[in-house]
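Raw start13.txt, compact mmCIF, C-alpha atoms:
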# COMPACT_ATOMS: atom_id res chain seq x y z
CA MET A 85 32.83 42.04 -62.63
CA ARG A 86 32.35 45.04 -60.32
CA ALA A 87 29.87 44.94 -57.44
CA ASP A 88 27.49 47.36 -59.14
CA GLU A 89 27.53 45.27 -62.32
CA ARG A 90 26.79 42.12 -60.35
CA GLU A 91 23.87 43.91 -58.72
CA ILE A 92 22.42 44.75 -62.13
CA VAL A 93 22.65 41.11 -63.20
CA LYS A 94 20.87 40.01 -60.04
CA MET A 95 17.93 42.21 -60.93
CA PHE A 96 16.94 39.69 -63.57
CA LEU A 97 14.62 36.83 -62.71
CA GLU A 98 17.10 34.32 -64.13
CA GLU A 99 19.60 35.14 -61.40
CA VAL A 100 17.37 35.60 -58.36
CA SER A 101 15.34 32.43 -58.97
CA ARG A 102 18.25 30.00 -59.21
CA ASP A 103 18.43 28.89 -55.59
CA ARG A 104 15.99 28.10 -52.80
CA ASN A 105 16.56 31.35 -50.95
CA ASN A 106 13.14 32.81 -51.65
CA ASN A 107 9.75 33.40 -50.05
CA LEU A 108 7.84 30.68 -51.91
CA ASN A 109 7.04 28.39 -48.98
CA PHE A 110 5.95 31.35 -46.88
CA LEU A 111 3.70 32.68 -49.64
CA ARG A 112 2.19 29.23 -50.18
CA LEU A 113 1.27 29.01 -46.51
CA ILE A 114 -0.24 32.51 -46.65
CA ALA A 115 -2.25 31.38 -49.68
CA ALA A 116 -3.57 28.37 -47.75
CA VAL A 117 -4.60 30.69 -44.91
CA LEU A 118 -6.35 32.99 -47.40
CA VAL A 119 -8.37 29.99 -48.59
CA ILE A 120 -9.51 29.32 -45.02
CA ILE A 121 -10.54 32.96 -44.54
CA CYS A 122 -12.40 32.96 -47.83
CA HIS A 123 -14.28 29.73 -47.11
CA ALA A 124 -15.17 30.82 -43.58
CA TYR A 125 -17.78 33.23 -44.94
CA PRO A 126 -19.98 30.96 -47.08
CA LEU A 127 -19.50 27.97 -44.76
CA SER A 128 -20.55 30.03 -41.73
CA LEU A 129 -23.22 32.29 -43.20
CA GLY A 130 -24.42 30.67 -46.44
CA LYS A 131 -23.53 30.68 -50.13
CA ASP A 132 -24.12 34.39 -50.67
CA ALA A 133 -21.60 35.48 -48.01
CA ILE A 134 -18.24 36.66 -49.36
CA ASP A 135 -15.00 37.86 -47.82
CA ILE A 136 -13.76 41.44 -47.71
CA LEU A 137 -11.90 41.27 -51.03
CA GLY A 138 -15.01 39.88 -52.71
CA ARG A 139 -17.03 42.80 -51.39
CA MET A 140 -14.38 45.33 -52.44
CA THR A 141 -14.26 43.96 -56.00
CA ASP A 142 -18.01 43.38 -56.32
CA GLY A 143 -17.46 39.64 -56.41
CA GLN A 144 -14.85 39.66 -59.18
CA ILE A 145 -12.21 37.99 -57.00
CA HIS A 146 -12.09 36.59 -53.48
CA LEU A 147 -9.20 35.88 -51.17
CA GLY A 148 -9.48 32.23 -52.15
CA GLY A 149 -9.23 33.21 -55.80
CA ILE A 150 -5.98 35.06 -55.12
CA ALA A 151 -4.69 31.97 -53.33
CA VAL A 152 -5.54 29.72 -56.26
CA CYS A 153 -3.74 32.17 -58.57
CA ILE A 154 -0.65 31.91 -56.36
CA PHE A 155 -0.68 28.12 -56.35
CA PHE A 156 -1.19 27.76 -60.09
CA PHE A 157 1.24 30.48 -61.14
CA PHE A 158 4.17 29.03 -59.23
CA SER A 159 3.19 25.52 -60.22
CA GLY A 160 3.50 26.58 -63.86
CA PHE A 161 6.73 28.46 -63.16
CA PHE A 162 8.58 25.59 -61.53
CA LEU A 163 7.09 22.75 -63.57
CA ASN A 164 8.09 24.46 -66.79
CA ARG A 165 11.67 24.49 -65.50
CA SER A 166 11.36 20.86 -64.42
CA VAL A 167 10.01 19.57 -67.72
CA ASN A 168 12.66 21.44 -69.67
CA LYS A 169 15.33 19.38 -67.90
CA GLY A 170 14.21 16.58 -70.22
CA TYR A 171 13.78 13.78 -67.69
CA GLY A 172 10.97 12.22 -69.69
CA ALA A 173 7.30 11.51 -69.05
CA TYR A 174 7.83 8.81 -66.42
CA GLN A 175 10.03 10.90 -64.15
CA PHE A 176 7.99 14.05 -64.67
CA PHE A 177 4.61 12.51 -63.82
CA LYS A 178 6.02 10.28 -61.09
CA ALA A 179 7.23 13.37 -59.25
CA ARG A 180 3.84 15.03 -59.67
CA CYS A 181 1.95 11.96 -58.45
CA ILE A 182 4.19 11.62 -55.39
CA ARG A 183 3.40 15.22 -54.56
CA ILE A 184 -0.38 15.04 -55.02
CA PHE A 185 -1.80 11.58 -54.41
CA PRO A 186 -0.51 10.22 -51.07
CA ALA A 187 -1.89 13.05 -48.91
CA LEU A 188 -5.04 13.28 -51.04
CA ILE A 189 -5.79 9.56 -50.70
CA VAL A 190 -5.26 9.65 -46.92
CA VAL A 191 -7.59 12.64 -46.52
CA VAL A 192 -10.30 11.19 -48.77
CA PHE A 193 -10.27 7.78 -47.05
CA PHE A 194 -10.21 9.37 -43.60
CA CYS A 195 -13.24 11.53 -44.43
CA ALA A 196 -15.15 8.57 -45.89
CA PHE A 197 -14.46 5.90 -43.30
CA ILE A 198 -13.63 7.68 -40.05
CA LEU A 199 -14.88 11.27 -40.02
CA GLY A 200 -18.07 10.54 -41.94
CA SER A 201 -19.02 7.50 -39.86
CA CYS A 202 -18.45 9.41 -36.61
CA ILE A 203 -20.52 12.50 -37.40
CA SER A 204 -23.14 11.16 -39.81
CA SER A 205 -26.77 11.30 -38.79
CA TYR A 206 -27.02 7.75 -40.16
CA GLY A 207 -26.26 4.72 -38.04
CA PRO A 208 -23.08 2.74 -38.81
CA ALA A 209 -24.88 -0.04 -40.68
CA GLU A 210 -26.85 2.41 -42.81
CA TYR A 211 -23.80 4.59 -43.43
CA PHE A 212 -21.50 1.80 -44.59
CA SER A 213 -24.19 0.18 -46.73
CA ASN A 214 -24.81 3.42 -48.61
CA ASN A 215 -23.23 3.62 -52.09
CA GLN A 216 -22.47 7.30 -51.54
CA THR A 217 -19.89 6.37 -48.89
CA TYR A 218 -17.81 4.45 -51.43
CA GLU A 219 -18.45 6.81 -54.32
CA TYR A 220 -16.73 9.49 -52.24
CA LEU A 221 -13.47 7.55 -52.64
CA LEU A 222 -13.47 8.57 -56.31
CA ASN A 223 -12.19 11.95 -55.12
CA SER A 224 -8.79 10.30 -54.73
CA VAL A 225 -8.63 9.92 -58.53
CA PHE A 226 -10.06 13.38 -59.30
CA ILE A 227 -13.66 12.27 -59.88
CA LEU A 228 -15.38 14.79 -57.65
CA LYS A 229 -18.05 13.51 -55.28
CA HIS A 230 -18.89 16.13 -52.71
CA ASN A 231 -21.28 14.47 -50.26
CA LEU A 232 -21.29 11.67 -47.71
CA PRO A 233 -24.56 10.20 -46.35
CA GLY A 234 -25.88 12.19 -43.41
CA VAL A 235 -22.77 14.38 -43.11
CA PHE A 236 -23.06 18.18 -42.67
CA GLU A 237 -26.66 18.12 -43.91
CA SER A 238 -27.77 20.64 -41.29
CA ASN A 239 -24.98 23.15 -42.06
CA ILE A 240 -26.04 26.44 -43.61
CA TYR A 241 -23.79 26.16 -46.69
CA ASN A 242 -24.63 22.64 -47.80
CA ALA A 243 -23.42 19.10 -47.20
CA THR A 244 -20.20 19.43 -49.24
CA VAL A 245 -17.51 17.55 -47.35
CA ASN A 246 -14.45 19.06 -49.05
CA GLY A 247 -15.10 21.72 -51.66
CA SER A 248 -11.40 22.56 -52.02
CA LEU A 249 -10.73 19.43 -54.06
CA TRP A 250 -12.09 21.01 -57.26
CA THR A 251 -8.72 22.56 -58.14
CA LEU A 252 -6.77 19.26 -58.17
CA PRO A 253 -8.06 17.78 -61.46
CA ILE A 254 -7.53 21.17 -63.10
CA GLU A 255 -3.96 21.26 -61.83
CA PHE A 256 -3.23 17.77 -63.16
CA VAL A 257 -4.63 18.72 -66.56
CA CYS A 258 -2.22 21.68 -66.48
CA TYR A 259 0.62 19.23 -65.78
CA ILE A 260 -0.35 17.26 -68.87
CA GLY A 261 -0.57 20.45 -70.92
CA CYS A 262 2.86 21.53 -69.67
CA TYR A 263 4.43 18.24 -70.71
CA ILE A 264 2.76 18.26 -74.14
CA ALA A 265 3.86 21.87 -74.71
CA TRP A 266 7.46 20.88 -73.96
CA LYS A 267 7.26 17.74 -76.07
CA ILE A 268 6.16 19.64 -79.18
CA GLY A 269 8.65 22.45 -78.58
CA LEU A 270 6.31 25.25 -77.46
CA THR A 271 8.27 26.00 -74.28
CA ASN A 272 11.35 26.93 -76.27
CA GLU A 273 12.34 30.58 -75.79
CA LYS A 274 12.28 31.20 -79.52
CA VAL A 275 8.80 29.70 -79.92
CA MET A 276 6.71 30.37 -76.81
CA LYS A 277 6.32 34.09 -77.50
CA PHE A 278 4.21 33.18 -80.54
CA THR A 279 1.72 31.38 -78.29
CA VAL A 280 0.90 34.59 -76.40
CA PRO A 281 -1.53 36.12 -78.94
CA PHE A 282 -3.28 32.77 -79.47
CA PHE A 283 -3.61 32.23 -75.73
CA SER A 284 -4.86 35.80 -75.16
CA VAL A 285 -7.56 35.57 -77.81
CA ALA A 286 -8.66 32.13 -76.64
CA TYR A 287 -8.74 33.25 -72.99
CA VAL A 288 -10.93 36.28 -73.67
CA PHE A 289 -13.15 34.39 -76.13
CA LEU A 290 -13.79 31.54 -73.70
CA TYR A 291 -14.52 33.93 -70.84
CA ILE A 292 -17.17 35.66 -72.96
CA LEU A 293 -18.53 32.38 -74.32
CA LEU A 294 -18.82 30.81 -70.86
CA ARG A 295 -20.23 33.87 -69.14
CA GLN A 296 -23.50 32.05 -68.55
CA ASN A 297 -21.68 29.15 -66.92
CA PRO A 298 -19.56 30.61 -64.12
CA LEU A 299 -18.67 27.15 -62.79
CA ILE A 300 -16.84 26.18 -65.98
CA GLN A 301 -15.62 29.75 -66.42
CA SER A 302 -13.85 29.53 -63.05
CA VAL A 303 -11.48 26.96 -64.55
CA LEU A 304 -9.97 29.51 -66.93
CA ARG A 305 -8.29 31.76 -64.36
CA PRO A 306 -6.12 29.04 -62.74
CA CYS A 307 -5.22 27.67 -66.18
CA GLY A 308 -4.30 31.19 -67.29
CA MET A 309 -2.10 31.68 -64.23
CA PHE A 310 -0.38 28.34 -64.86
CA TYR A 311 0.38 29.42 -68.43
CA CYS A 312 1.73 32.75 -67.15
CA GLY A 313 4.01 30.86 -64.78
CA MET A 314 5.39 28.86 -67.70
CA LEU A 315 5.85 32.07 -69.67
CA PHE A 316 7.73 33.82 -66.86
CA ASP A 317 10.06 30.85 -66.44
CA THR A 318 10.77 30.60 -70.17
CA TYR A 319 11.74 34.28 -70.38
CA ARG A 320 13.29 34.62 -66.91
CA SER A 321 16.58 35.81 -68.42
CA LYS A 322 14.80 38.85 -69.88
CA ILE A 323 12.55 39.84 -66.96
CA ARG A 324 13.93 42.56 -64.70
CA ILE A 325 12.80 42.74 -61.10
CA ARG A 326 12.10 46.35 -60.19
CA MET A 327 9.88 47.96 -57.58
CA PRO A 328 8.42 50.61 -59.95
CA TYR A 329 7.04 47.78 -62.12
CA VAL A 330 5.36 46.31 -59.03
CA PHE A 331 3.59 49.60 -58.31
CA LEU A 332 2.45 49.79 -61.93
CA CYS A 333 1.03 46.28 -61.73
CA LEU A 334 -0.72 47.00 -58.44
CA ALA A 335 -2.24 50.11 -60.02
CA GLY A 336 -3.27 47.99 -62.98
CA LEU A 337 -5.08 45.55 -60.68
CA VAL A 338 -6.99 48.43 -59.10
CA VAL A 339 -7.94 49.83 -62.52
CA VAL A 340 -9.20 46.54 -63.95
CA SER A 341 -11.20 45.98 -60.76
CA VAL A 342 -12.86 49.39 -61.07
CA LEU A 343 -13.55 48.75 -64.77
CA ASN A 344 -15.08 45.38 -63.86
CA ILE A 345 -12.64 43.46 -66.08
CA PHE A 346 -10.62 41.85 -63.31
CA ASP A 347 -10.99 38.38 -64.84
CA TYR A 348 -8.95 39.56 -67.82
CA GLY A 349 -6.54 41.87 -66.03
CA VAL A 350 -5.54 39.53 -63.21
CA ILE A 351 -3.33 37.36 -65.43
CA LEU A 352 -1.75 40.49 -66.90
CA PHE A 353 -0.77 42.25 -63.67
CA LEU A 354 -0.74 39.77 -60.77
CA PRO A 355 2.11 37.46 -61.95
CA TYR A 356 4.78 40.17 -61.76
CA VAL A 357 3.67 41.13 -58.24
CA LEU A 358 3.97 37.50 -57.15
CA ILE A 359 7.39 37.16 -58.74
CA TYR A 360 8.60 40.20 -56.82
CA ILE A 361 7.21 38.96 -53.50
CA VAL A 362 8.94 35.59 -53.86
CA PHE A 363 12.22 36.53 -55.53
CA GLY A 364 12.65 40.31 -55.51
CA THR A 365 12.44 41.39 -51.90
CA LYS A 366 15.61 42.14 -49.97
CA TRP A 367 14.66 39.96 -47.00
CA LYS A 368 13.96 36.35 -47.88
CA MET A 369 12.69 33.48 -45.76
CA GLY A 370 14.58 30.71 -47.52
CA ARG A 371 14.62 28.48 -44.47
CA PHE A 372 10.90 28.84 -43.78
CA ALA A 373 9.21 25.41 -43.90
CA GLU A 374 12.49 23.95 -45.12
CA LYS A 375 11.75 20.60 -43.48
CA HIS A 376 7.97 20.65 -43.30
CA GLU A 377 6.11 22.34 -46.16
CA ILE A 378 2.51 22.10 -44.94
CA SER A 379 0.55 24.34 -47.30
CA TYR A 380 -0.82 21.44 -49.37
CA GLY A 381 -1.91 19.53 -46.27
CA VAL A 382 -3.55 22.64 -44.83
CA TYR A 383 -5.37 23.18 -48.14
CA LEU A 384 -6.64 19.58 -48.20
CA CYS A 385 -7.88 19.51 -44.61
CA ALA A 386 -9.19 23.00 -43.91
CA TRP A 387 -12.65 22.72 -45.51
CA PRO A 388 -13.86 19.63 -43.59
CA ILE A 389 -12.40 21.09 -40.39
CA GLN A 390 -14.33 24.31 -40.97
CA GLN A 391 -17.51 22.34 -41.68
CA ILE A 392 -17.06 20.43 -38.41
CA VAL A 393 -16.67 23.72 -36.51
CA VAL A 394 -19.87 25.05 -38.11
CA MET A 395 -21.71 21.82 -37.31
CA LEU A 396 -20.65 21.97 -33.66
CA SER A 397 -21.81 25.60 -33.55
CA GLY A 398 -25.34 24.69 -34.60
CA GLY A 399 -25.08 24.98 -38.38
CA SER A 400 -24.03 28.63 -38.69
CA MET A 401 -21.69 31.01 -36.90
CA ASN A 402 -19.49 34.09 -37.07
CA PRO A 403 -16.97 33.59 -39.93
CA LEU A 404 -14.10 35.21 -38.03
CA LEU A 405 -14.67 32.83 -35.15
CA ASN A 406 -14.78 29.94 -37.59
CA PHE A 407 -11.41 30.98 -38.99
CA LEU A 408 -9.79 31.43 -35.56
CA ILE A 409 -10.97 28.03 -34.34
CA SER A 410 -10.19 26.18 -37.59
CA ILE A 411 -6.71 27.53 -38.35
CA PRO A 412 -4.77 25.75 -35.55
CA PHE A 413 -6.41 22.42 -36.41
CA ALA A 414 -5.70 22.92 -40.11
CA VAL A 415 -2.04 23.70 -39.40
CA ALA A 416 -1.76 20.68 -37.08
CA THR A 417 -3.22 18.32 -39.69
CA GLY A 418 -0.93 19.86 -42.30
CA PHE A 419 2.07 18.99 -40.14
CA PHE A 420 0.73 15.49 -39.52
CA LEU A 421 0.26 14.79 -43.23
CA ASN A 422 3.73 16.08 -44.02
CA ILE A 423 5.43 14.10 -41.24
CA ALA A 424 3.42 10.88 -41.45
CA VAL A 425 2.59 10.68 -45.16
CA GLU A 426 4.32 13.06 -47.57
CA ARG A 427 7.91 12.95 -46.34
CA PRO A 428 8.08 9.18 -45.69
CA ILE A 429 6.74 8.39 -49.16
CA LEU A 430 9.05 10.93 -50.79
CA ASN A 431 12.06 9.52 -48.92
CA TYR A 432 11.07 5.97 -49.85
CA CYS A 433 10.75 6.85 -53.54
CA MET A 434 14.11 8.64 -53.47
CA ARG A 435 15.79 5.58 -51.90
CA LYS A 436 14.23 3.33 -54.56
CA GLU A 437 15.87 5.45 -57.25
Show the structure stored in the file as structure tokens.
Amino acid sequence: MRADEREIVKMFLEEVSRDRNNNLNFLRLIAAVLVIICHAYPLSLGKDAIDILGRMTDGQIHLGGIAVCIFFFFSGFFLNRSVNKGYGAYQFFKARCIRIFPALIVVVFFCAFILGSCISSYGPAEYFSNNQTYEYLLNSVFILKHNLPGVFESNIYNATVNGSLWTLPIEFVCYIGCYIAWKIGLTNEKVMKFTVPFFSVAYVFLYILLRQNPLIQSVLRPCGMFYCGMLFDTYRSKIRIRMPYVFLCLAGLVVVSVLNIFDYGVILFLPYVLIYIVFGTKWKMGRFAEKHEISYGVYLCAWPIQQIVVMLSGGSMNPLLNFLISIPFAVATGFFLNIAVERPILNYCMRKE
């Protein structure tokens, strides 16, 4: 095969996504940082404060929303490939649990028993005798409990200890859906294309139906991005990676934002842009975070760190200052979780196999 012919082949997603030489870990860390920037505004100034992207799109999407799209899209992309290897339910869900639960459990227990007891306005006896302290531990099994007794009650946002945890039960439900889809044959290349019209109709219908309940409605976008990730992986041999398509998709995102239909258009145009950023660029950072992938740890720890910074600043503050102070602590805790929790447990489980 001539060099020019090989170059044409490499323009397909199938070829460029085969190895680990990509920008995924870098983009994940950027996404975690975007979450911190996004949360800095409401945590520092109150619930009505939104970041610059939220203001530009009239609240249709925030920087944190883009980050969640990134996480869910690539989760769907790589898990679809994983489940199609046919390892079975035990291996599939074991790998997912090893990835999610150890760091989550450590963070939840630390917040409940160490952080909460140190900064609570309650005395130790009153704090540890309060049922709310132990109910908070349910977060480690995806039953969301946001408050601890006497913690962050004077902060301008509210007393939520770790608001970022809301995405984790949604992600695990997506894992289950991914496995079921594979088990009944929907992820087959010959079959999955027929799910697109059904998914599209259901997505739009549910968005309209749930318009009066934005909290539940917010679940649809990450689920939609997860499905798009599965779709891109299934048809990776047919998807060409070209810069003109990226510009078209970026233009599409601008148009749907202006037309105030970003919730529908984001799953249509954003996935291709993300694919190009991770796999299509000439310069790749394949060795970035090769040993220590900290984005998940940063995501888990950033919110309580930002709340502590606000608390120490008197309950409200400048959001940019909140971000600048919080980011080094969030990165440090991300490294700690990876070194002390995630990697040792992963290595132990690999040795057991």
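The list of residues with at least one atom within 9 Å of stretch 180-190 of chain A, based on only C-alpha atoms and without residues fewer than 3 positions apart in the same chain, reads Gln175, Phe176, Phe177, Phe193, Phe194, Cys195, Leu221, Asn223, Ser224, Val225, Leu249, Leu252, Phe256, Tyr259, Tyr380, Gly381, Leu384, Leu421, Asn422, Val425, Glu426, Ile429, Leu430 and Cys433 of chain A.
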(Q) For A:Ile203, find every residue with an atom within 9 Å (counting all atoms listed in the file), except residues of its own chain fewer than 3 positions away, and show them as a list in words. (A) Ile198, Leu199, Gly200, Tyr206, Gly234, Val235, Phe236 and Ile392 of chain A
Q.
Taking 4 positions as the minimum chain separation for residues in the same chain, which residues sit within 12 Å of A:Ile120 when counting only C-alpha atoms? Answer as a PyMOL selection string.
A. chain A and resi 113-116+124-128+135+146-149+151-152+247-248+379+382-391+403-415
Q. Skipping near chain neighbours, those fewer than 5 positions away, what residues fall within 12 Å of A:Ala286 using all atoms listed in the file, listed as a ChimeraX atom specification?
A. /A:279-281,291-294,304,307-308,348
Q. Hey, can you check how far atom CA of A:Arg165 sits from atom CA of A:Leu108?
A. 15.4 Å
Q: Between atom CA of A:Gly364 and atom CA of A:Ile325, measure the distance and give it in Å to one decimal.
A: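 Atom CA of A:Ile325 lies 6.1 Å from atom CA of A:Gly364.
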Q. For A:Asn344, which residue out of A:Ile145, A:Ile323, A:Ala173, A:Leu358 is the nearest one, using all atoms listed in the file?
A. A:Ile145
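Of note, atom CA of A:Cys312 and atom CA of A:Val288 are spaced 14.7 Å apart.
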Q: Check the smallest atom-to-atom distance from each of A:Ile359, A:Cys262, A:Ile136, A:Met401 to A:Ser166 using all atoms listed in the file, then report the winner.
A: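 Distance minimum relative to A:Ser166 lands on A:Cys262.
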Q: Could you tell me which of A:Glu377, A:Glu99, A:Glu255, A:Asp347 comes closest to A:Gly160 if we count all atoms listed in the file?
A: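 Ranked by minimum distance to A:Gly160, first place goes to A:Glu255.
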**Q.** Nearest residue to A:Phe110 from the set A:Arg435, A:Lys368, A:Lys375, A:Arg326 (distances using all atoms listed in the file)
**A.**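 For A:Phe110, the nearest of the given residues is A:Lys368.
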Extending 4 Å beyond the listed atoms of stretch 275-291 of chain A on each side, what axis-aligned box results? I want centre and edge lengths in Å to one decimal, as AutoDock Vina command-line options.
--center_x -2.9 --center_y 33.0 --center_z -75.7 --size_x 31.3 --size_y 14.6 --size_z 17.7
Q) Can you tell me, as a PyMOL selection string, what residues are no more than 10 Å from A:Phe346 when counting all atoms listed in the file, ignoring any on the same chain fewer than 6 positions away? A) chain A and resi 141+143-145+336-340+352-353
Q: Find the residue from A:Leu299, A:Leu270, A:Val357, A:Leu129 that sits nearest to A:Leu315; use all atoms listed in the file when measuring.
A: A:Leu270
Q) Looking at all atoms listed in the file, which of A:Glu219, A:Asp142, A:Glu273, A:Asp103 is the one that sits closest to A:Phe316? A) A:Glu273
